[in-house]
$ cat coords-v7.cif   # mmCIF, C-alpha atoms and all ligand atoms
data_start
loop_
_atom_site.label_atom_id
_atom_site.label_comp_id
_atom_site.auth_asym_id
_atom_site.auth_seq_id
_atom_site.Cartn_x
_atom_site.Cartn_y
_atom_site.Cartn_z
CA MET C 1 73.70 111.00 73.67
CA GLU C 2 76.77 112.45 71.97
CA ILE C 3 80.16 112.59 73.65
CA PRO C 4 80.89 114.70 75.68
CA PHE C 5 77.78 114.32 77.84
CA SER C 6 76.19 117.58 78.92
CA LYS C 7 77.09 119.08 82.30
CA GLU C 8 73.41 118.95 83.28
CA THR C 9 73.19 115.21 82.68
CA VAL C 10 76.31 114.44 84.72
CA ASN C 11 75.39 116.85 87.53
CA GLU C 12 71.92 115.41 87.80
CA VAL C 13 73.31 111.89 88.32
CA LEU C 14 75.91 113.14 90.79
CA GLN C 15 73.23 114.88 92.82
CA LYS C 16 70.95 111.88 92.74
CA MET C 17 73.80 109.72 94.06
CA HIS C 18 74.85 112.23 96.73
CA ILE C 19 78.35 112.58 95.29
CA PRO C 20 79.49 116.20 95.78
CA HIS C 21 82.64 115.72 93.69
CA VAL C 22 83.65 112.77 91.51
CA GLY C 23 87.20 113.01 92.85
CA ASN C 24 85.91 112.05 96.30
CA ALA C 25 83.91 109.09 95.10
CA THR C 26 84.88 105.63 96.25
CA ILE C 27 85.57 103.00 93.59
CA ARG C 28 82.12 101.50 94.13
CA GLN C 29 80.48 104.92 93.78
CA THR C 30 82.41 105.57 90.58
CA VAL C 31 81.25 102.25 89.17
CA ALA C 32 77.64 103.05 90.11
CA LEU C 33 77.94 106.54 88.61
CA SER C 34 79.30 105.30 85.31
CA GLU C 35 76.70 102.55 85.12
CA GLU C 36 73.93 105.08 85.66
CA LEU C 37 75.38 107.34 82.97
CA GLU C 38 75.58 104.35 80.62
CA LYS C 39 71.86 103.81 81.10
CA ILE C 40 70.92 107.44 80.58
CA THR C 41 73.21 108.21 77.66
CA GLY C 42 73.16 104.85 75.91
CA GLN C 43 76.99 105.06 75.67
CA LYS C 44 79.23 102.33 77.06
CA PHE C 45 81.98 103.55 79.40
CA VAL C 46 85.64 102.71 79.17
CA HIS C 47 85.98 101.32 82.69
CA LEU C 48 89.44 102.01 84.05
CA GLU C 49 88.40 102.14 87.70
CA MET C 50 87.68 98.57 88.72
CA GLY C 51 90.41 96.31 90.09
CA SER C 52 88.65 92.98 89.59
CA PRO C 53 90.54 90.18 87.87
CA GLY C 54 89.88 90.37 84.14
CA LEU C 55 90.85 86.76 83.47
CA PRO C 56 88.97 83.53 84.14
CA ALA C 57 89.52 81.82 87.50
CA SER C 58 92.07 79.04 87.46
CA GLN C 59 90.40 75.82 86.33
CA ILE C 60 92.69 73.79 88.55
CA GLY C 61 91.29 75.62 91.58
CA ILE C 62 87.69 75.20 90.45
CA GLU C 63 88.06 71.46 89.88
CA ALA C 64 89.74 70.94 93.25
CA GLN C 65 87.08 72.98 95.00
CA LYS C 66 84.22 71.04 93.38
CA LYS C 67 85.87 67.78 94.29
CA ALA C 68 86.34 68.94 97.87
CA LEU C 69 82.68 69.91 98.16
CA ASP C 70 81.58 66.56 96.73
CA SER C 71 83.73 64.80 99.28
CA GLY C 72 81.84 66.48 102.11
CA VAL C 73 84.17 69.20 103.42
CA ALA C 74 81.31 71.71 103.67
CA GLN C 75 80.11 69.93 106.79
CA LYS C 76 83.39 70.24 108.68
CA TYR C 77 85.03 73.23 110.35
CA PRO C 78 88.46 73.51 108.80
CA ASN C 79 91.48 73.70 111.08
CA ILE C 80 91.73 77.35 112.12
CA SER C 81 95.42 77.55 111.27
CA GLY C 82 94.72 76.13 107.79
CA ILE C 83 94.28 72.63 106.42
CA ALA C 84 97.51 70.61 106.22
CA PRO C 85 97.74 70.37 102.39
CA LEU C 86 97.35 74.12 102.03
CA LYS C 87 100.01 74.87 104.65
CA LYS C 88 102.41 72.46 102.99
CA GLN C 89 101.84 73.78 99.47
CA ALA C 90 101.94 77.43 100.55
CA SER C 91 105.32 76.80 102.14
CA ARG C 92 106.51 75.18 98.89
CA PHE C 93 105.09 78.12 96.91
CA VAL C 94 107.10 80.74 98.81
CA LYS C 95 110.22 78.63 98.32
CA ALA C 96 109.48 78.07 94.61
CA PHE C 97 108.73 81.68 93.64
CA LEU C 98 110.35 83.83 96.35
CA ASN C 99 113.23 81.58 97.38
CA VAL C 100 112.21 82.03 101.00
CA ASP C 101 112.04 79.26 103.60
CA ILE C 102 108.95 79.38 105.80
CA ASN C 103 107.64 76.42 107.81
CA PRO C 104 104.14 75.26 106.88
CA GLU C 105 103.18 76.27 110.44
CA GLY C 106 103.65 79.95 109.52
CA CYS C 107 101.55 79.75 106.33
CA ILE C 108 98.02 80.61 107.35
CA PRO C 109 94.95 81.09 105.17
CA THR C 110 92.80 84.19 105.54
CA VAL C 111 89.55 85.36 103.94
CA GLY C 112 91.36 87.30 101.23
CA SER C 113 94.39 89.47 101.90
CA MET C 114 91.85 91.98 103.13
CA MET C 115 91.53 89.88 106.26
CA GLY C 116 95.27 89.23 106.14
CA THR C 117 96.16 92.89 106.58
CA PHE C 118 93.33 93.50 109.07
CA ALA C 119 94.55 90.64 111.28
CA SER C 120 98.20 91.69 110.83
CA PHE C 121 97.41 95.25 111.92
CA ILE C 122 95.79 93.88 115.07
CA VAL C 123 98.60 91.54 116.03
CA THR C 124 101.40 94.00 115.31
CA ASN C 125 99.65 96.70 117.35
CA HIS C 126 99.80 94.44 120.40
CA LEU C 127 103.49 93.57 120.38
CA ASP C 128 104.88 96.53 122.25
CA GLU C 129 103.07 99.17 124.29
CA LYS C 130 105.11 101.97 122.70
CA LYS C 131 104.45 100.87 119.13
CA ASP C 132 100.92 101.87 118.23
CA THR C 133 101.14 103.23 114.68
CA ILE C 134 101.03 101.70 111.20
CA LEU C 135 103.33 103.31 108.66
CA PHE C 136 101.87 103.32 105.15
CA ILE C 137 104.30 103.76 102.29
CA ASN C 138 101.91 105.57 99.97
CA PRO C 139 100.26 105.53 97.53
CA GLY C 140 98.34 102.42 98.40
CA PHE C 141 95.17 100.44 98.37
CA SER C 142 92.69 102.80 100.03
CA VAL C 143 90.85 100.10 101.99
CA GLN C 144 93.95 99.41 104.08
CA PRO C 145 94.17 102.79 105.85
CA LEU C 146 90.40 102.48 106.22
CA GLN C 147 91.02 99.21 108.09
CA ALA C 148 93.33 101.07 110.47
CA ASN C 149 90.59 103.70 110.96
CA VAL C 150 88.01 101.01 111.72
CA LEU C 151 90.39 99.57 114.31
CA GLY C 152 91.06 103.01 115.79
CA TYR C 153 94.81 102.66 115.15
CA LYS C 154 97.17 105.53 114.47
CA LYS C 155 98.61 106.01 110.99
CA ASP C 156 101.78 107.54 109.70
CA MET C 157 102.54 107.83 105.98
CA PHE C 158 104.55 109.37 103.20
CA ASP C 159 104.29 109.45 99.42
CA VAL C 160 107.14 107.42 97.93
CA TYR C 161 107.23 109.64 94.81
CA ASP C 162 110.03 111.86 96.13
CA PHE C 163 111.76 109.13 98.13
CA ARG C 164 113.29 106.52 95.92
CA GLY C 165 116.66 104.83 96.35
CA GLU C 166 118.81 106.22 99.14
CA LYS C 167 116.17 108.86 99.89
CA LEU C 168 113.73 106.09 100.81
CA LYS C 169 116.15 104.94 103.49
CA GLU C 170 116.43 108.45 104.94
CA GLU C 171 112.69 109.07 104.94
CA LEU C 172 111.89 105.68 106.39
CA GLU C 173 114.42 106.16 109.15
CA ARG C 174 112.97 109.57 109.95
CA HIS C 175 109.61 107.89 110.63
CA LEU C 176 110.96 104.80 112.38
CA ALA C 177 113.24 106.77 114.68
CA LYS C 178 110.17 108.10 116.49
CA GLY C 179 109.94 104.62 118.03
CA ASN C 180 106.17 104.25 117.59
CA ILE C 181 105.91 102.22 114.38
CA ALA C 182 104.38 98.79 114.92
CA ALA C 183 104.33 97.83 111.25
CA ILE C 184 105.20 99.13 107.80
CA LEU C 185 102.80 98.37 104.95
CA TYR C 186 103.30 98.61 101.22
CA SER C 187 102.30 96.67 98.13
CA ASN C 188 104.92 95.50 95.65
CA PRO C 189 104.17 95.77 92.70
CA ASN C 190 102.27 98.75 93.96
CA ASN C 191 98.58 99.43 93.69
CA PRO C 192 97.98 102.10 92.28
CA THR C 193 101.27 103.15 90.67
CA TRP C 194 102.94 99.86 89.69
CA VAL C 195 106.13 101.12 91.30
CA CYS C 196 108.30 98.12 92.19
CA PHE C 197 110.96 98.55 94.82
CA THR C 198 114.47 97.71 93.70
CA GLU C 199 116.59 95.18 95.60
CA GLU C 200 118.50 98.09 97.10
CA GLU C 201 115.27 99.67 98.38
CA LEU C 202 113.99 96.39 99.79
CA GLN C 203 117.29 95.98 101.56
CA TYR C 204 116.90 99.41 103.19
CA ILE C 205 113.38 98.55 104.30
CA GLY C 206 114.45 95.17 105.68
CA GLU C 207 117.51 96.46 107.50
CA LEU C 208 115.62 99.34 109.06
CA ALA C 209 112.80 97.03 110.13
CA THR C 210 115.39 94.95 111.98
CA LYS C 211 117.14 97.98 113.43
CA TYR C 212 113.93 99.54 114.78
CA ASP C 213 112.28 96.21 115.56
CA THR C 214 109.18 96.74 113.50
CA VAL C 215 107.25 94.31 111.30
CA VAL C 216 107.05 94.65 107.53
CA ILE C 217 103.64 93.71 106.13
CA GLU C 218 104.51 93.12 102.48
CA ASP C 219 101.47 92.92 100.26
CA LEU C 220 102.26 90.72 97.25
CA ALA C 221 98.80 90.81 95.70
CA TYR C 222 100.44 91.22 92.28
CA LEU C 223 103.23 88.69 92.72
CA GLY C 224 105.02 87.86 89.49
CA MET C 225 103.42 90.73 87.58
CA ASP C 226 106.47 92.97 87.19
CA SER C 227 106.72 92.20 83.50
CA ARG C 228 110.39 93.20 83.28
CA LYS C 229 111.34 89.89 84.80
CA TYR C 230 109.93 86.40 84.38
CA ILE C 231 109.78 84.61 87.74
CA GLY C 232 107.52 81.77 86.57
CA LYS C 233 110.01 78.88 86.70
CA PRO C 234 109.49 77.20 90.08
CA PHE C 235 112.59 76.81 92.27
CA GLU C 236 114.73 78.68 89.74
CA ALA C 237 116.06 82.23 89.71
CA PRO C 238 114.99 84.92 89.11
CA TYR C 239 112.57 85.13 92.02
CA GLN C 240 109.96 87.62 93.12
CA SER C 241 111.71 90.49 94.89
CA THR C 242 110.80 90.56 98.56
CA VAL C 243 111.86 92.13 101.83
CA ALA C 244 112.03 88.59 103.23
CA HIS C 245 115.56 88.40 101.80
CA TYR C 246 116.66 91.25 104.07
CA THR C 247 114.93 90.84 107.44
CA ASP C 248 113.24 88.23 109.62
CA ASN C 249 110.54 90.69 110.64
CA TYR C 250 108.06 90.07 107.86
CA MET C 251 104.52 88.95 107.19
CA LEU C 252 103.79 88.32 103.50
CA MET C 253 100.29 88.76 102.08
CA LEU C 254 99.71 86.31 99.23
CA SER C 255 96.27 86.90 97.76
CA ALA C 256 94.77 84.35 95.36
CA SER C 257 92.55 87.06 93.88
CA LYS C 258 94.87 88.28 91.13
CA ILE C 259 97.61 85.63 91.13
CA PHE C 260 95.06 82.91 90.29
CA SER C 261 92.08 85.17 89.39
CA TYR C 262 90.28 83.65 92.36
CA ALA C 263 88.86 86.82 93.95
CA GLY C 264 85.34 85.45 94.29
CA GLU C 265 86.30 82.74 96.75
CA ARG C 266 88.00 85.20 99.10
CA VAL C 267 91.11 83.26 99.95
CA ALA C 268 94.72 84.22 100.60
CA THR C 269 97.71 83.16 102.68
CA VAL C 270 99.63 85.12 105.27
CA ALA C 271 103.18 83.78 105.42
CA ILE C 272 104.98 84.69 108.65
CA SER C 273 108.73 84.25 109.04
CA ASP C 274 109.69 81.37 111.33
CA LYS C 275 111.49 83.73 113.67
CA LEU C 276 108.56 86.12 114.01
CA PHE C 277 106.04 83.30 114.30
CA ASN C 278 107.80 81.88 117.34
CA ARG C 279 108.93 85.11 118.93
CA VAL C 280 107.69 85.72 122.46
CA TYR C 281 106.26 89.16 123.22
CA PRO C 282 105.32 89.67 126.89
CA HIS C 283 102.96 92.51 125.96
CA LEU C 284 101.06 90.19 123.62
CA GLU C 285 100.35 87.80 126.45
CA LYS C 286 98.94 90.63 128.55
CA THR C 287 96.67 91.94 125.81
CA LEU C 288 95.74 89.03 123.54
CA GLY C 289 96.37 86.13 125.90
CA MET C 290 99.04 84.36 123.81
CA ASP C 291 102.73 85.08 124.11
CA THR C 292 103.98 84.29 120.60
CA LEU C 293 103.10 86.27 117.51
CA GLY C 294 102.06 83.28 115.39
CA ARG C 295 99.78 81.79 118.00
CA ALA C 296 98.19 85.14 118.86
CA PHE C 297 97.58 85.71 115.16
CA ILE C 298 95.82 82.37 114.75
CA PHE C 299 94.21 81.56 118.08
CA THR C 300 93.14 85.03 119.12
CA VAL C 301 92.85 87.25 116.07
CA LEU C 302 91.69 84.83 113.35
CA TYR C 303 89.61 82.92 115.89
CA THR C 304 87.64 86.03 116.74
CA LEU C 305 87.37 87.25 113.15
CA SER C 306 86.02 84.20 111.33
CA SER C 307 87.27 81.02 113.03
CA GLY C 308 88.96 79.87 109.86
CA VAL C 309 88.59 80.08 106.13
CA CYS C 310 86.13 78.41 103.74
CA HIS C 311 87.18 74.76 103.66
CA SER C 312 86.71 74.10 99.94
CA ALA C 313 88.46 77.36 98.96
CA GLN C 314 91.49 76.18 100.94
CA CYS C 315 91.46 72.94 98.94
CA ALA C 316 91.38 75.01 95.74
CA LEU C 317 94.28 77.17 96.84
CA ALA C 318 96.32 74.13 97.88
CA ALA C 319 95.78 72.63 94.42
CA MET C 320 96.76 75.86 92.64
CA TYR C 321 99.93 76.26 94.71
CA GLU C 322 100.81 72.62 94.08
CA ALA C 323 100.27 72.91 90.32
CA ALA C 324 102.33 76.11 90.18
CA CYS C 325 105.18 74.52 92.14
CA ASP C 326 105.09 71.44 89.90
CA GLY C 327 105.36 73.61 86.80
CA LYS C 328 101.82 72.72 85.68
CA LEU C 329 100.26 76.17 86.16
CA ASP C 330 102.22 79.08 84.72
CA PHE C 331 100.31 81.87 86.47
CA VAL C 332 103.05 84.36 85.57
CA THR C 333 102.57 83.93 81.83
CA GLU C 334 98.76 83.87 82.18
CA ASN C 335 98.83 87.21 83.99
CA ARG C 336 101.02 88.81 81.31
CA GLU C 337 97.76 89.67 79.57
CA TYR C 338 97.51 92.69 81.91
CA ALA C 339 100.92 93.89 80.75
CA ARG C 340 99.84 93.58 77.13
CA ARG C 341 96.76 95.71 77.80
CA ALA C 342 98.79 98.24 79.81
CA ALA C 343 101.27 98.73 76.96
CA LEU C 344 98.44 99.42 74.49
CA LEU C 345 96.61 101.69 76.90
CA LYS C 346 99.71 103.71 77.72
CA GLU C 347 100.30 104.21 74.01
CA VAL C 348 96.79 105.64 73.58
CA PHE C 349 97.14 107.99 76.55
CA LEU C 350 100.65 109.18 75.64
CA LYS C 351 99.68 109.76 72.02
CA ASN C 352 96.83 111.98 73.23
CA GLY C 353 99.00 114.20 75.40
CA PHE C 354 98.74 112.52 78.81
CA HIS C 355 101.77 111.51 80.85
CA ILE C 356 102.65 108.72 83.27
CA VAL C 357 102.79 110.22 86.77
CA TYR C 358 104.79 107.54 88.62
CA ASP C 359 106.95 106.79 85.63
CA LYS C 360 110.21 105.37 87.00
CA ASP C 361 111.77 102.86 89.32
CA LEU C 362 114.94 104.91 89.71
CA ASP C 363 116.52 104.77 86.24
CA GLN C 364 114.11 102.20 84.77
CA ASP C 365 110.63 102.83 83.38
CA VAL C 366 107.92 101.26 85.55
CA SER C 367 106.81 98.00 84.05
CA ASP C 368 103.49 97.24 82.38
CA GLY C 369 100.92 95.46 84.50
CA PHE C 370 97.63 95.71 86.31
CA PHE C 371 97.73 99.45 87.09
CA PHE C 372 99.45 102.62 86.01
CA THR C 373 98.98 106.33 86.61
CA ILE C 374 98.19 109.13 84.20
CA GLY C 375 98.15 112.90 84.48
CA ARG C 376 97.41 115.83 82.23
CA LYS C 377 99.16 119.17 82.34
CA GLY C 378 96.90 121.85 83.81
CA PHE C 379 94.52 119.45 85.57
CA SER C 380 94.39 118.27 89.15
CA GLY C 381 93.56 114.58 89.45
CA ASP C 382 90.09 115.34 90.74
CA ASP C 383 89.35 117.80 87.96
CA LEU C 384 90.66 115.46 85.30
CA LEU C 385 88.39 112.69 86.53
CA ALA C 386 85.41 115.05 86.71
CA GLU C 387 86.06 116.01 83.09
CA LEU C 388 86.76 112.53 81.70
CA ILE C 389 83.45 111.27 83.10
CA HIS C 390 81.80 113.47 80.44
CA TYR C 391 83.70 111.48 77.83
CA GLY C 392 82.58 108.11 79.10
CA ILE C 393 85.89 107.33 80.79
CA SER C 394 86.06 106.40 84.47
CA ALA C 395 89.08 105.92 86.72
CA ILE C 396 89.97 106.91 90.28
CA SER C 397 91.73 110.01 91.54
CA LEU C 398 95.22 109.40 92.91
CA ARG C 399 94.33 111.56 95.90
CA THR C 400 92.15 108.74 97.24
CA THR C 401 95.22 106.48 97.35
CA GLY C 402 97.30 108.69 99.63
CA SER C 403 99.26 110.16 96.75
CA GLU C 404 100.32 113.80 96.77
CA GLN C 405 100.66 113.83 92.97
CA GLN C 406 98.02 114.96 90.53
CA GLY C 407 96.58 112.26 88.36
CA LEU C 408 94.47 109.15 88.04
CA ARG C 409 94.89 105.46 88.60
CA VAL C 410 94.17 103.42 85.50
CA CYS C 411 93.35 99.74 85.85
CA THR C 412 93.88 97.52 82.83
CA SER C 413 91.87 94.54 84.00
CA MET C 414 88.49 95.22 82.38
CA LEU C 415 89.79 96.35 79.00
CA ARG C 416 88.86 94.46 75.86
CA ASP C 417 90.47 95.04 72.47
CA GLU C 418 87.45 97.01 71.21
CA HIS C 419 87.97 99.56 73.99
CA PHE C 420 91.31 100.85 72.67
CA PRO C 421 89.96 102.59 69.52
CA MET C 422 86.98 103.80 71.56
CA LEU C 423 89.29 105.39 74.13
CA ASP C 424 91.46 106.89 71.41
CA GLU C 425 88.44 108.52 69.76
CA ARG C 426 87.12 109.90 73.04
CA LEU C 427 90.50 111.39 73.96
CA ARG C 428 90.64 112.96 70.50
CA ILE C 429 87.33 114.71 71.24
CA PHE C 430 88.65 115.69 74.69
CA ASN C 431 91.65 117.27 72.95
CA GLU C 432 89.34 119.38 70.77
CA LYS C 433 88.03 121.05 73.92
CA TYR C 434 91.38 121.03 75.73
CA PRO C 435 94.04 121.41 73.04
CA LEU C 436 97.42 120.12 74.01
CA ASP C 437 99.33 123.38 73.70
CA LYS C 438 97.04 125.33 76.05
C1 LIG C 501 97.36 95.84 96.98
C2 LIG C 501 96.16 94.98 97.26
N1 LIG C 501 96.10 94.27 98.37
C3 LIG C 501 95.06 93.48 98.64
C4 LIG C 501 93.99 93.40 97.79
C5 LIG C 501 92.82 92.55 98.15
O1 LIG C 501 93.12 91.23 98.11
P1 LIG C 501 92.02 90.15 98.47
O2 LIG C 501 91.07 90.05 97.33
O3 LIG C 501 92.82 88.89 98.65
O4 LIG C 501 91.34 90.55 99.74
C6 LIG C 501 94.00 94.13 96.61
C7 LIG C 501 92.85 94.07 95.69
O5 LIG C 501 92.59 94.91 94.90
C8 LIG C 501 95.12 94.96 96.35
O6 LIG C 501 95.17 95.71 95.25
#

$ encode --input "coords-v7.cif" --output "structure tokens"
Amino acid sequence: MEIPFSKETVNEVLQKMHIPHVGNATIRQTVALSEELEKITGQKFVHLEMGSPGLPASQIGIEAQKKALDSGVAQKYPNISGIAPLKKQASRFVKAFLNVDINPEGCIPTVGSMMGTFASFIVTNHLDEKKDTILFINPGFSVQPLQANVLGYKKDMFDVYDFRGEKLKEELERHLAKGNIAAILYSNPNNPTWVCFTEEELQYIGELATKYDTVVIEDLAYLGMDSRKYIGKPFEAPYQSTVAHYTDNYMLMLSASKIFSYAGERVATVAISDKLFNRVYPHLEKTLGMDTLGRAFIFTVLYTLSSGVCHSAQCALAAMYEAACDGKLDFVTENREYARRAALLKEVFLKNGFHIVYDKDLDQDVSDGFFFTIGRKGFSGDDLLAELIHYGISAISLRTTGSEQQGLRVCTSMLRDEHFPMLDERLRIFNEKYPLDK
């Protein structure tokens, strides 16, 4: 079938899949929709919706995992707080790339950062009777507010778009001053916008977290991928920017999924500050039966969720951390491939009359990386997506990420070089129907 696909064809598939509007579709639904349209039309889609790693898994991890399985670890329950080599190497890793000191005790594996945030929401919601709300600095990864919904926890949120720099401090304080915020969550670099907080902004967040005694859950799923700075030399500046430099109230989410392209093995580390790990909370003892945050996190929350993390995957992660710290695995340079694709993609979109929605980190352009955002004058995000589907282009509407801006999230991970001319041609046809000056 020619591009654009007919309205009838698209509507028929939408109806069959019970999707009333493409803008409301989840990522999985969007993938299914585009795959179905590929079958019917015989045209390959340009997939900009999926956030899977687009690089091969780290070979160092694979070898270590195979070796671990051959040595018999599958038979044994791993230590629930993490196997000793992983805890040691994770602690080294945060020192090497963040310049943060955390005892191995506070470095705890989870089944992906997905479980890391889920468990962190639970523990932080039990610290203080009055603090029962998670504050999301939006936009964000849509599964995380869903986790709060599943847990029945209250949410507060704001879109960071209008609150950068000093304004972030004011807005954050406005929310924290209510006294009900158990934890603040954001990702940095940010999914979906690739906004990266400046040192000044991280300092505001950290200082306010201390002032209002709340926990920062900092999601570093894309650690090292702000392509404006190279943090890949272990134990040498510059380091990954982190709130951990400005407060003791932090829990860091270190996912192996994108850092080491190890998403399939579902493994991550939660790194809890020494002070928070050992802090006694009387309310915690009443509700979760353990008085310190670290022990409640491990021996109540993780125990009830999965009683530990896949033994061989922990061996893999330990080996990858070790290799990175020893300068034998330059994950930062390997992941620069996403920045290369983002730069090319942005060029194609800008040339065809689209704009970057979240375009700045204060006075600097956002960097190139795993995600970015696009908009088109005259279109809401939902409408733009609904239209682009007819051109064999799929993405996700920013609305589904808690953003109040109009546009789409574009993910660079699945792009191959042959997709760039294909996208360019399809946007050219789009522009015939929707000329730029109208
Ligand atoms: C910001 C963010 N956090 C967490 C995750 C999930 O990490 P994991 O695969 O370790 O569960 C993702 C994956 O897309 C993400 O974008």

$ closest_residue --input "coords-v7.cif" --among "C:Phe118, C:Arg376, C:Met290, C:Leu385" --to "Asn352 of chain C" --atoms "all atoms listed in the file"
C:Arg376

$ closest_atom_pairs --input "coords-v7.cif" --of "segment 217-243 of chain C" --to "segment 307-327 of chain C" --cutoff "10 Å" --atoms "all atoms listed in the file" --output "CSV"
residue,atom,partner,partner_atom,distance
C:Gly232,CA,C:Gly327,CA,8.4
C:Lys233,CA,C:Gly327,CA,7.0
C:Pro234,CA,C:Cys325,CA,5.5
C:Phe235,CA,C:Cys325,CA,7.8

$ closest_atom_pairs --input "coords-v7.cif" --of "chain C" --to "ligand LIG 501 (chain C)" --cutoff "7 Å" --atoms "only C-alpha atoms and all ligand atoms" --output "tab-separated table"
residue	atom	partner	partner_atom	distance
C:Gly51	CA	C:LIG501	O5	5.5
C:Ser52	CA	C:LIG501	O5	6.9
C:Val111	CA	C:LIG501	O4	6.9
C:Gly112	CA	C:LIG501	O3	3.4
C:Ser113	CA	C:LIG501	O3	3.7
C:Met114	CA	C:LIG501	O4	3.7
C:Met115	CA	C:LIG501	O4	6.6
C:Gly140	CA	C:LIG501	C1	6.8
C:Phe141	CA	C:LIG501	C1	5.3
C:Ser187	CA	C:LIG501	C1	5.1
C:Asn190	CA	C:LIG501	C1	6.5
C:Asn191	CA	C:LIG501	C1	5.0
C:Asp219	CA	C:LIG501	N1	5.9
C:Ala221	CA	C:LIG501	N1	5.1
C:Ser255	CA	C:LIG501	O3	4.1
C:Ala256	CA	C:LIG501	O3	5.9
C:Ser257	CA	C:LIG501	O2	4.8
C:Ala263	CA	C:LIG501	O2	5.2
C:Arg266	CA	C:LIG501	O2	6.0
C:Val267	CA	C:LIG501	O3	6.0
C:Ala268	CA	C:LIG501	O3	5.4

$ atom_distance --input "coords-v7.cif" --atom1 "atom CA of Phe420 of chain C" --atom2 "atom CA of Phe5 of chain C"
19.8 Å

$ closest_residue --input "coords-v7.cif" --among "C:Thr269, C:Asn249, C:Asn79, C:Asn103" --to "Ile184 of chain C" --atoms "all atoms listed in the file"
C:Asn249

$ closest_residue --input "coords-v7.cif" --among "C:Thr292, C:Thr214, C:Thr373, C:Asn278" --to "Leu185 of chain C" --atoms "only C-alpha atoms"
C:Thr214

$ residues_around --input "coords-v7.cif" --residues "Leu276 of chain C" --least-positions-apart "4" --cutoff "7 Å" --atoms "all atoms listed in the file" --output "ChimeraX atom specification"
/C:248-249,272,293

$ closest_residue --input "coords-v7.cif" --among "C:Ser241, C:Thr41, C:Ser273, C:Gln65" --to "Glu200 of chain C" --atoms "all atoms listed in the file"
C:Ser241

$ closest_atom_pairs --input "coords-v7.cif" --of "segment 225-250 of chain C" --to "segment 366-370 of chain C" --cutoff "7 Å" --atoms "all atoms listed in the file" --output "CSV"
residue,atom,partner,partner_atom,distance
C:Met225,CA,C:Gly369,CA,6.2
C:Asp226,CA,C:Ser367,CA,5.9
C:Ser227,CA,C:Ser367,CA,5.8
C:Arg228,CA,C:Ser367,CA,6.0

$ write_last_selection --input "coords-v7.cif" --atoms "C-alpha atoms" --output "PDB file, in the frame of the given file"
ATOM      1  CA  MET C 225     103.420  90.730  87.580  1.00  0.00           C
ATOM      2  CA  ASP C 226     106.470  92.970  87.190  1.00  0.00           C
ATOM      3  CA  SER C 227     106.720  92.200  83.500  1.00  0.00           C
ATOM      4  CA  ARG C 228     110.390  93.200  83.280  1.00  0.00           C
TER       5      ARG C 228
END

$ atom_distance --input "coords-v7.cif" --atom1 "atom CA of His419 of chain C" --atom2 "atom CA of Phe379 of chain C"
23.9 Å

$ residues_around --input "coords-v7.cif" --residues "Gly42 of chain C" --least-positions-apart "2" --cutoff "12 Å" --atoms "all atoms listed in the file" --output "ChimeraX atom specification"
/C:1-3,5,34-40,44-45,392

$ residues_near_point --input "coords-v7.cif" --point "(108.3, 107.0, 103.9)" --cutoff "8 Å" --atoms "only C-alpha atoms" --output "MDAnalysis selection string"
chainID C and resid 135:138 157:160 163 168 171:172 175

$ closest_residue --input "coords-v7.cif" --among "C:Ser91, C:Ala244, C:Pro192, C:Tyr391" --to "Val10 of chain C" --atoms "all atoms listed in the file"
C:Tyr391

$ residues_around --input "coords-v7.cif" --residues "Leu427 of chain C" --least-positions-apart "6" --cutoff "12 Å" --atoms "only C-alpha atoms" --output "PyMOL selection string"
chain C and resi 3-4+46+345+348-354+376+387-393+420-421+433-436

$ residues_around --input "coords-v7.cif" --residues "Ile19 of chain C" --least-positions-apart "4" --cutoff "12 Å" --atoms "only C-alpha atoms" --output "PyMOL selection string"
chain C and resi 10-15+23-26+28-30+32-33+386

$ closest_residue --input "coords-v7.cif" --among "C:Tyr281, C:Lys95, C:Tyr161, C:Glu199" --to "Gln406 of chain C" --atoms "all atoms listed in the file"
C:Tyr161

$ residues_around --input "coords-v7.cif" --residues "Thr198 of chain C" --least-positions-apart "2" --cutoff "8 Å" --atoms "all atoms listed in the file" --output "PDB file with C-alpha atoms, in the frame of the given file"
ATOM      1  CA  GLY C 165     116.660 104.830  96.350  1.00  0.00           C
ATOM      2  CA  CYS C 196     108.300  98.120  92.190  1.00  0.00           C
ATOM      3  CA  GLU C 200     118.500  98.090  97.100  1.00  0.00           C
ATOM      4  CA  GLU C 201     115.270  99.670  98.380  1.00  0.00           C
ATOM      5  CA  LEU C 202     113.990  96.390  99.790  1.00  0.00           C
ATOM      6  CA  SER C 241     111.710  90.490  94.890  1.00  0.00           C
ATOM      7  CA  ASP C 361     111.770 102.860  89.320  1.00  0.00           C
TER       8      ASP C 361
END

$ atom_distance --input "coords-v7.cif" --atom1 "atom CA of Asn149 of chain C" --atom2 "atom CA of Thr133 of chain C"
11.2 Å
